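S.K.: Structure file structure-v8.pdb (PDB, C-alpha atoms) is given on the next line.
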ATOM      1  CA  MET A  81     -36.054 -15.788  11.385
ATOM      2  CA  THR A  82     -32.832 -14.978   9.501
ATOM      3  CA  VAL A  83     -30.116 -17.491   8.654
ATOM      4  CA  VAL A  84     -27.910 -15.980  11.341
ATOM      5  CA  GLU A  85     -30.648 -16.229  13.982
ATOM      6  CA  ALA A  86     -31.416 -19.820  12.988
ATOM      7  CA  THR A  87     -27.729 -20.701  13.192
ATOM      8  CA  LEU A  88     -27.321 -18.976  16.554
ATOM      9  CA  ALA A  89     -30.343 -20.860  17.921
ATOM     10  CA  ARG A  90     -28.507 -24.140  17.294
ATOM     11  CA  ILE A  91     -25.385 -23.109  19.201
ATOM     12  CA  PRO A  92     -25.376 -24.178  22.869
ATOM     13  CA  GLN A  93     -24.736 -21.671  25.644
ATOM     14  CA  PRO A  94     -22.198 -20.174  26.520
ATOM     15  CA  TYR A  95     -20.878 -20.468  22.958
ATOM     16  CA  ARG A  96     -23.939 -18.627  21.639
ATOM     17  CA  ASP A  97     -23.007 -15.525  23.649
ATOM     18  CA  LYS A  98     -19.470 -15.661  22.236
ATOM     19  CA  ALA A  99     -20.855 -16.063  18.704
ATOM     20  CA  ILE A 100     -23.112 -13.034  19.189
ATOM     21  CA  LYS A 101     -20.229 -11.012  20.605
ATOM     22  CA  HIS A 102     -18.030 -11.966  17.636
ATOM     23  CA  ARG A 103     -20.710 -12.127  14.933
ATOM     24  CA  GLU A 104     -18.787  -9.784  12.655
ATOM     25  CA  LEU A 105     -15.801 -12.144  12.720
ATOM     26  CA  ILE A 106     -18.047 -15.165  12.146
ATOM     27  CA  LYS A 107     -19.672 -13.487   9.142
ATOM     28  CA  PHE A 108     -16.232 -12.522   7.822
ATOM     29  CA  LEU A 109     -15.090 -16.141   8.181
ATOM     30  CA  MET A 110     -18.224 -17.401   6.393
ATOM     31  CA  VAL A 111     -17.593 -14.977   3.531
ATOM     32  CA  GLY A 112     -13.975 -16.119   3.564
ATOM     33  CA  GLY A 113     -15.054 -19.749   3.375
ATOM     34  CA  SER A 114     -17.314 -19.013   0.406
ATOM     35  CA  THR A 115     -14.668 -17.047  -1.410
ATOM     36  CA  TRP A 116     -12.105 -19.731  -0.579
ATOM     37  CA  VAL A 117     -14.234 -22.190  -2.553
ATOM     38  CA  ILE A 118     -14.383 -19.722  -5.457
ATOM     39  CA  ASP A 119     -10.634 -19.112  -5.207
ATOM     40  CA  THR A 120      -9.877 -22.839  -5.077
ATOM     41  CA  VAL A 121     -12.067 -23.742  -8.051
ATOM     42  CA  VAL A 122     -10.705 -20.919 -10.223
ATOM     43  CA  PHE A 123      -7.108 -21.703  -9.191
ATOM     44  CA  LEU A 124      -7.394 -25.436  -9.883
ATOM     45  CA  VAL A 125      -9.212 -24.942 -13.204
ATOM     46  CA  LEU A 126      -6.673 -22.388 -14.453
ATOM     47  CA  LYS A 127      -3.736 -24.441 -13.204
ATOM     48  CA  ALA A 128      -5.081 -27.575 -14.892
ATOM     49  CA  THR A 129      -5.722 -25.793 -18.206
ATOM     50  CA  VAL A 130      -4.464 -22.513 -19.650
ATOM     51  CA  LEU A 131      -1.996 -21.640 -16.862
ATOM     52  CA  ALA A 132      -0.517 -25.079 -16.180
ATOM     53  CA  ASP A 133       3.040 -23.714 -16.228
ATOM     54  CA  LYS A 134       2.218 -20.523 -14.327
ATOM     55  CA  PRO A 135       0.746 -21.450 -10.912
ATOM     56  CA  VAL A 136       1.447 -18.063  -9.335
ATOM     57  CA  THR A 137      -0.398 -16.279 -12.164
ATOM     58  CA  ALA A 138      -3.289 -18.727 -11.743
ATOM     59  CA  LYS A 139      -3.314 -17.977  -8.010
ATOM     60  CA  VAL A 140      -3.307 -14.216  -8.531
ATOM     61  CA  ILE A 141      -6.242 -14.430 -10.961
ATOM     62  CA  ALA A 142      -8.146 -16.733  -8.594
ATOM     63  CA  VAL A 143      -7.605 -14.343  -5.680
ATOM     64  CA  LEU A 144      -8.744 -11.378  -7.787
ATOM     65  CA  VAL A 145     -12.000 -13.117  -8.743
ATOM     66  CA  ALA A 146     -12.624 -14.141  -5.146
ATOM     67  CA  THR A 147     -11.807 -10.594  -3.983
ATOM     68  CA  MET A 148     -14.504  -9.062  -6.160
ATOM     69  CA  VAL A 149     -17.069 -11.417  -4.643
ATOM     70  CA  SER A 150     -15.614 -10.742  -1.198
ATOM     71  CA  TYR A 151     -16.153  -6.995  -1.479
ATOM     72  CA  VAL A 152     -19.839  -7.382  -2.196
ATOM     73  CA  LEU A 153     -20.429  -9.972   0.548
ATOM     74  CA  ASN A 154     -18.358  -8.164   3.174
ATOM     75  CA  ARG A 155     -19.886  -4.773   2.361
ATOM     76  CA  GLU A 156     -23.460  -6.025   2.370
ATOM     77  CA  TRP A 157     -23.250  -8.591   5.166
ATOM     78  CA  SER A 158     -20.096  -8.912   7.307
ATOM     79  CA  PHE A 159     -19.492  -5.199   7.838
ATOM     80  CA  ARG A 160     -22.949  -3.850   7.025
ATOM     81  CA  THR A 161     -23.165  -2.135  10.412
ATOM     82  CA  ARG A 162     -20.096  -0.100   9.556
ATOM     83  CA  GLY A 163     -20.003   2.752   7.159
ATOM     84  CA  GLY A 164     -19.847   6.479   7.083
ATOM     85  CA  ARG A 165     -17.485   6.768   4.130
ATOM     86  CA  GLU A 166     -18.486   7.485   0.585
ATOM     87  CA  ARG A 167     -18.857   4.181  -1.252
ATOM     88  CA  HIS A 168     -16.154   4.934  -3.817
ATOM     89  CA  HIS A 169     -13.650   5.793  -1.056
ATOM     90  CA  GLU A 170     -14.539   2.638   0.846
ATOM     91  CA  ALA A 171     -14.243   0.508  -2.312
ATOM     92  CA  ALA A 172     -10.888   2.064  -3.175
ATOM     93  CA  LEU A 173      -9.526   1.271   0.298
ATOM     94  CA  PHE A 174     -10.937  -2.265   0.078
ATOM     95  CA  PHE A 175      -9.266  -2.947  -3.251
ATOM     96  CA  VAL A 176      -5.929  -1.371  -2.233
ATOM     97  CA  ILE A 177      -5.843  -3.572   0.866
ATOM     98  CA  SER A 178      -6.980  -6.538  -1.189
ATOM     99  CA  GLY A 179      -4.192  -5.805  -3.685
ATOM    100  CA  ILE A 180      -1.706  -6.019  -0.858
ATOM    101  CA  GLY A 181      -3.593  -9.145   0.209
ATOM    102  CA  VAL A 182      -2.947 -10.722  -3.213
ATOM    103  CA  ALA A 183       0.781 -10.502  -2.488
ATOM    104  CA  VAL A 184       0.251 -11.865   1.034
ATOM    105  CA  TYR A 185      -1.912 -14.748  -0.268
ATOM    106  CA  SER A 186       0.500 -15.564  -3.103
ATOM    107  CA  ALA A 187       3.757 -15.335  -1.134
ATOM    108  CA  PRO A 188       3.625 -18.843   0.413
ATOM    109  CA  LEU A 189       3.077 -20.406  -3.036
ATOM    110  CA  TRP A 190       5.945 -18.366  -4.489
ATOM    111  CA  VAL A 191       8.232 -19.424  -1.610
ATOM    112  CA  SER A 192       7.193 -23.063  -2.026
ATOM    113  CA  ARG A 193       7.885 -23.078  -5.755
ATOM    114  CA  TYR A 194      10.880 -20.793  -6.128
ATOM    115  CA  VAL A 195      12.686 -20.750  -2.777
ATOM    116  CA  PHE A 196      12.122 -24.360  -1.676
ATOM    117  CA  GLU A 197      11.996 -25.517  -5.331
ATOM    118  CA  LEU A 198       9.035 -27.812  -4.692
ATOM    119  CA  GLN A 199       8.438 -28.309  -8.407
ATOM    120  CA  VAL A 200       9.104 -30.874 -11.104
ATOM    121  CA  PRO A 201      11.847 -32.083 -11.808
ATOM    122  CA  VAL A 202      13.225 -31.482  -8.288
ATOM    123  CA  VAL A 203      10.220 -33.274  -6.727
ATOM    124  CA  SER A 204       7.535 -35.562  -8.104
ATOM    125  CA  LEU A 205       4.377 -34.191  -9.703
ATOM    126  CA  VAL A 206       2.338 -35.401  -6.709
ATOM    127  CA  ALA A 207       4.689 -33.589  -4.298
ATOM    128  CA  GLN A 208       4.550 -30.434  -6.438
ATOM    129  CA  GLU A 209       0.753 -30.414  -6.577
ATOM    130  CA  SER A 210       0.447 -31.147  -2.849
ATOM    131  CA  ALA A 211       2.897 -28.367  -1.998
ATOM    132  CA  ASP A 212       1.055 -25.960  -4.321
ATOM    133  CA  PHE A 213      -2.257 -26.739  -2.635
ATOM    134  CA  VAL A 214      -0.941 -26.468   0.922
ATOM    135  CA  ALA A 215       1.070 -23.303   0.242
ATOM    136  CA  GLY A 216      -1.489 -21.577  -1.966
ATOM    137  CA  GLN A 217      -4.830 -22.727  -0.630
ATOM    138  CA  ILE A 218      -4.171 -23.295   3.060
ATOM    139  CA  VAL A 219      -1.173 -21.291   4.277
ATOM    140  CA  GLY A 220      -1.733 -18.416   1.850
ATOM    141  CA  THR A 221      -5.417 -18.244   2.671
ATOM    142  CA  LEU A 222      -4.894 -18.247   6.443
ATOM    143  CA  VAL A 223      -2.167 -15.589   6.347
ATOM    144  CA  GLY A 224      -4.091 -13.489   3.824
ATOM    145  CA  MET A 225      -7.344 -13.757   5.763
ATOM    146  CA  ALA A 226      -5.686 -12.653   9.012
ATOM    147  CA  PHE A 227      -4.123  -9.684   7.218
ATOM    148  CA  ARG A 228      -7.408  -8.681   5.572
ATOM    149  CA  TRP A 229      -9.425  -9.011   8.830
ATOM    150  CA  TRP A 230      -7.011  -6.650  10.550
ATOM    151  CA  ALA A 231      -6.737  -4.203   7.622
ATOM    152  CA  PHE A 232     -10.459  -4.059   6.790
ATOM    153  CA  ARG A 233     -11.364  -3.259  10.387
ATOM    154  CA  ARG A 234      -8.493  -0.798  10.721
ATOM    155  CA  PHE A 235      -8.759   1.089   7.425
ATOM    156  CA  VAL A 236     -11.879   0.240   5.384
ATOM    157  CA  TRP A 237     -14.546  -0.109   8.068
ATOM    158  CA  PRO A 238     -12.965   1.290  11.276
ATOM    159  CA  ASP A 239     -14.601   1.261  14.708
ATOM    160  CA  GLN A 240     -15.509   4.936  14.680
ATOM    161  CA  HIS A 241     -17.981   4.242  11.864
ATOM    162  CA  VAL A 242     -19.777   1.306  13.541
ATOM    163  CA  ARG A 243     -23.563   1.496  13.708
ATOM    164  CA  ARG A 244     -24.279  -0.604  16.790
ATOM    165  CA  GLN A 245     -26.997  -3.210  16.540
ATOM    166  CA  PRO A 246     -28.779  -4.918  19.388
ATOM    167  CA  PRO A 247     -27.972  -8.617  19.668
ATOM    168  CA  PRO A 248     -30.465 -10.953  18.029
ATOM    169  CA  PRO A 249     -33.208 -12.207  20.339
ATOM    170  CA  ALA A 250     -32.422 -15.328  22.333
ATOM    171  CA  PRO A 251     -34.206 -18.438  21.084
ATOM    172  CA  ALA A 252     -37.279 -19.578  22.965
ATOM    173  CA  PRO A 253     -36.610 -22.311  25.519
ATOM    174  CA  GLN A 254     -37.391 -25.787  24.277
ATOM    175  CA  ASP A 255     -39.624 -28.130  26.227
TER     176      ASP A 255
END
Spit out the file's structure as structure tokens when you get a sec.
M.R.:
Amino acid sequence: MTVVEATLARIPQPYRDKAIKHRELIKFLMVGGSTWVIDTVVFLVLKATVLADKPVTAKVIAVLVATMVSYVLNREWSFRTRGGRERHHEAALFFVISGIGVAVYSAPLWVSRYVFELQVPVVSLVAQESADFVAGQIVGTLVGMAFRWWAFRRFVWPDQHVRRQPPPPAPAPQD
């Protein structure tokens, strides 16, 4: 039994049917959650060390690292039933969209810091760090993830290249 099948077996009906219907989205969100952790760790480490005065640069680097991991996980797991393009063409589209995604992910942090001026000395260090985290790691991630979900399905792995799979078998009834 695969991890996905084991997870689906634990979901009560009718939610299980919805999860099966939207398994591509669920896998995408799981990859996103994993890469969010990578992004967050890299961002916080860079921001606390070598890029302390350059939070947007730290965010861009963190997103780039997470994006490289994201390509591999999305290609091999989330969108593995899609294909039909040559790998180099698919990768190029992925990274172009992800490049646009870097701007989308970073925009809320930039607005927080440089439009709203949520930075020292205008606000306290605690307020600055809280605003950076909310803008960069929560708002930026949600907006960027929505953009990438739409763009990946539209341009990188479009519907016309889907290799349909039968749904996983239903779990055996429990006594």
S.K.: Determine, using all atoms listed in the file, which residues of region 97-133 of chain A have any atom at most 12 Å from an atom of region 197-211 of chain A, and tabulate each with its shortest atom pair and distance in Å to one decimal place, rows ordered by chain and then rising number, as a Markdown table.
M.R.:
| residue | atom | partner | partner_atom | distance |
| --- | --- | --- | --- | --- |
| A:Leu124 | CA | A:Glu209 | CA | 10.1 |
| A:Lys127 | CA | A:Glu209 | CA | 10.0 |
| A:Ala128 | CA | A:Glu209 | CA | 10.5 |
| A:Ala132 | CA | A:Glu209 | CA | 11.1 |
| A:Asp133 | CA | A:Gln199 | CA | 10.6 |
S.K.: Please determine, counting all atoms listed in the file, which residue among A:Val83, A:Ile218, A:Val176, A:Leu153 has the shortest atom-to-atom distance to Thr120 (chain A).
M.R.: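 Among the listed residues, the smallest separation from Thr120 (chain A) belongs to A:Ile218.
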S.K.: Can you tell me how far CA of Val152 (chain A) sits from CA of Gly220 (chain A), in Å to one decimal?
M.R.: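 Between CA of Val152 (chain A) and CA of Gly220 (chain A) the gap is 21.6 Å.
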S.K.: Select, from A:Asp239, A:Glu156, A:Glu85, A:Glu170, the residue with the minimum atom-to-atom distance to Phe108 (chain A), counting all atoms listed in the file.
M.R.: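 Counting all atoms listed in the file, the residue closest to Phe108 (chain A) is A:Glu156.
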S.K.: Between A:Val195, A:Val149, A:Met110, A:Ala172, which one has atoms that come closest to Phe235 (chain A), using only C-alpha atoms?
M.R.: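 Smallest distance to Phe235 (chain A) is found for A:Ala172.
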S.K.: Of the candidates A:Trp157, A:Tyr185, A:Phe232, A:Phe196, which one gets nearest to Lys139 (chain A) if we count all atoms listed in the file?
M.R.: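 Selected residue with least distance to Lys139 (chain A): A:Tyr185.
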S.K.: Interatomic distance between CA of Thr161 (chain A) and CA of Ala89 (chain A)?
M.R.: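 Taking CA of Thr161 (chain A) and CA of Ala89 (chain A), their separation equals 21.4 Å.
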S.K.: What separation in Å, quoted to one decimal, exists between CA of Ile100 (chain A) and CA of Leu88 (chain A)?
M.R.: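 One can read the CA of Ile100 (chain A) to CA of Leu88 (chain A) distance as 7.7 Å.
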S.K.: Compare A:Leu109, A:Leu131, A:Ala226, A:Val122 by their minimum atom-to-atom distance to Leu144 (chain A), counting all atoms listed in the file, and give me the closest one.
M.R.: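 Among the listed residues, A:Val122 lies closest to Leu144 (chain A).
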S.K.: Between A:Arg155, A:His168, A:Arg160, A:Lys134, which one has atoms that come closest to Tyr194 (chain A), using all atoms listed in the file?
M.R.: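 Using all atoms listed in the file, the shortest distance to Tyr194 (chain A) belongs to A:Lys134.
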S.K.: Excluding Ala142 (chain A) and its own-chain neighbours fewer than 2 positions away, which residues fall within 12 Å of it when counting only C-alpha atoms? Please give them as an mmCIF file with C-alpha atoms, keeping the file's coordinate frame.
M.R.:
data_model
loop_
_atom_site.group_PDB
_atom_site.id
_atom_site.type_symbol
_atom_site.label_atom_id
_atom_site.label_comp_id
_atom_site.auth_asym_id
_atom_site.auth_seq_id
_atom_site.Cartn_x
_atom_site.Cartn_y
_atom_site.Cartn_z
ATOM 1 C CA THR A 115 -14.668 -17.047 -1.410
ATOM 2 C CA TRP A 116 -12.105 -19.731 -0.579
ATOM 3 C CA VAL A 117 -14.234 -22.190 -2.553
ATOM 4 C CA ILE A 118 -14.383 -19.722 -5.457
ATOM 5 C CA ASP A 119 -10.634 -19.112 -5.207
ATOM 6 C CA THR A 120 -9.877 -22.839 -5.077
ATOM 7 C CA VAL A 121 -12.067 -23.742 -8.051
ATOM 8 C CA VAL A 122 -10.705 -20.919 -10.223
ATOM 9 C CA PHE A 123 -7.108 -21.703 -9.191
ATOM 10 C CA LEU A 124 -7.394 -25.436 -9.883
ATOM 11 C CA VAL A 125 -9.212 -24.942 -13.204
ATOM 12 C CA LEU A 126 -6.673 -22.388 -14.453
ATOM 13 C CA LYS A 127 -3.736 -24.441 -13.204
ATOM 14 C CA LEU A 131 -1.996 -21.640 -16.862
ATOM 15 C CA PRO A 135 0.746 -21.450 -10.912
ATOM 16 C CA VAL A 136 1.447 -18.063 -9.335
ATOM 17 C CA THR A 137 -0.398 -16.279 -12.164
ATOM 18 C CA ALA A 138 -3.289 -18.727 -11.743
ATOM 19 C CA LYS A 139 -3.314 -17.977 -8.010
ATOM 20 C CA VAL A 140 -3.307 -14.216 -8.531
ATOM 21 C CA LEU A 144 -8.744 -11.378 -7.787
ATOM 22 C CA VAL A 145 -12.000 -13.117 -8.743
ATOM 23 C CA ALA A 146 -12.624 -14.141 -5.146
ATOM 24 C CA THR A 147 -11.807 -10.594 -3.983
ATOM 25 C CA MET A 148 -14.504 -9.062 -6.160
ATOM 26 C CA VAL A 149 -17.069 -11.417 -4.643
ATOM 27 C CA VAL A 182 -2.947 -10.722 -3.213
ATOM 28 C CA TYR A 185 -1.912 -14.748 -0.268
ATOM 29 C CA SER A 186 0.500 -15.564 -3.103
ATOM 30 C CA GLY A 216 -1.489 -21.577 -1.966
ATOM 31 C CA GLN A 217 -4.830 -22.727 -0.630
ATOM 32 C CA THR A 221 -5.417 -18.244 2.671
#
S.K.: Apply the PyMOL selection byres ((chain A and resi 188) around 9) to the structure shown and report the selected residues as a VMD selection string.
M.R.: chain A and resid 184 to 187 189 to 193 212 214 to 216 219 to 220 223
S.K.: For those residues, write C-alpha atoms to a file as an mmCIF file, in the frame of the given file.
M.R.:
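Written file, result.cif:
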data_model
loop_
_atom_site.group_PDB
_atom_site.id
_atom_site.type_symbol
_atom_site.label_atom_id
_atom_site.label_comp_id
_atom_site.auth_asym_id
_atom_site.auth_seq_id
_atom_site.Cartn_x
_atom_site.Cartn_y
_atom_site.Cartn_z
ATOM 1 C CA VAL A 184 0.251 -11.865 1.034
ATOM 2 C CA TYR A 185 -1.912 -14.748 -0.268
ATOM 3 C CA SER A 186 0.500 -15.564 -3.103
ATOM 4 C CA ALA A 187 3.757 -15.335 -1.134
ATOM 5 C CA LEU A 189 3.077 -20.406 -3.036
ATOM 6 C CA TRP A 190 5.945 -18.366 -4.489
ATOM 7 C CA VAL A 191 8.232 -19.424 -1.610
ATOM 8 C CA SER A 192 7.193 -23.063 -2.026
ATOM 9 C CA ARG A 193 7.885 -23.078 -5.755
ATOM 10 C CA ASP A 212 1.055 -25.960 -4.321
ATOM 11 C CA VAL A 214 -0.941 -26.468 0.922
ATOM 12 C CA ALA A 215 1.070 -23.303 0.242
ATOM 13 C CA GLY A 216 -1.489 -21.577 -1.966
ATOM 14 C CA VAL A 219 -1.173 -21.291 4.277
ATOM 15 C CA GLY A 220 -1.733 -18.416 1.850
ATOM 16 C CA VAL A 223 -2.167 -15.589 6.347
#
S.K.: Which centre and edge lengths in Å to one decimal define the box along x, y and z that fits every listed atom of region 160-169 of chain A plus 3 Å per side, as AutoDock Vina command-line options?
M.R.:
--center_x -18.4 --center_y 1.8 --center_z 3.3 --size_x 15.5 --size_y 17.3 --size_z 20.2
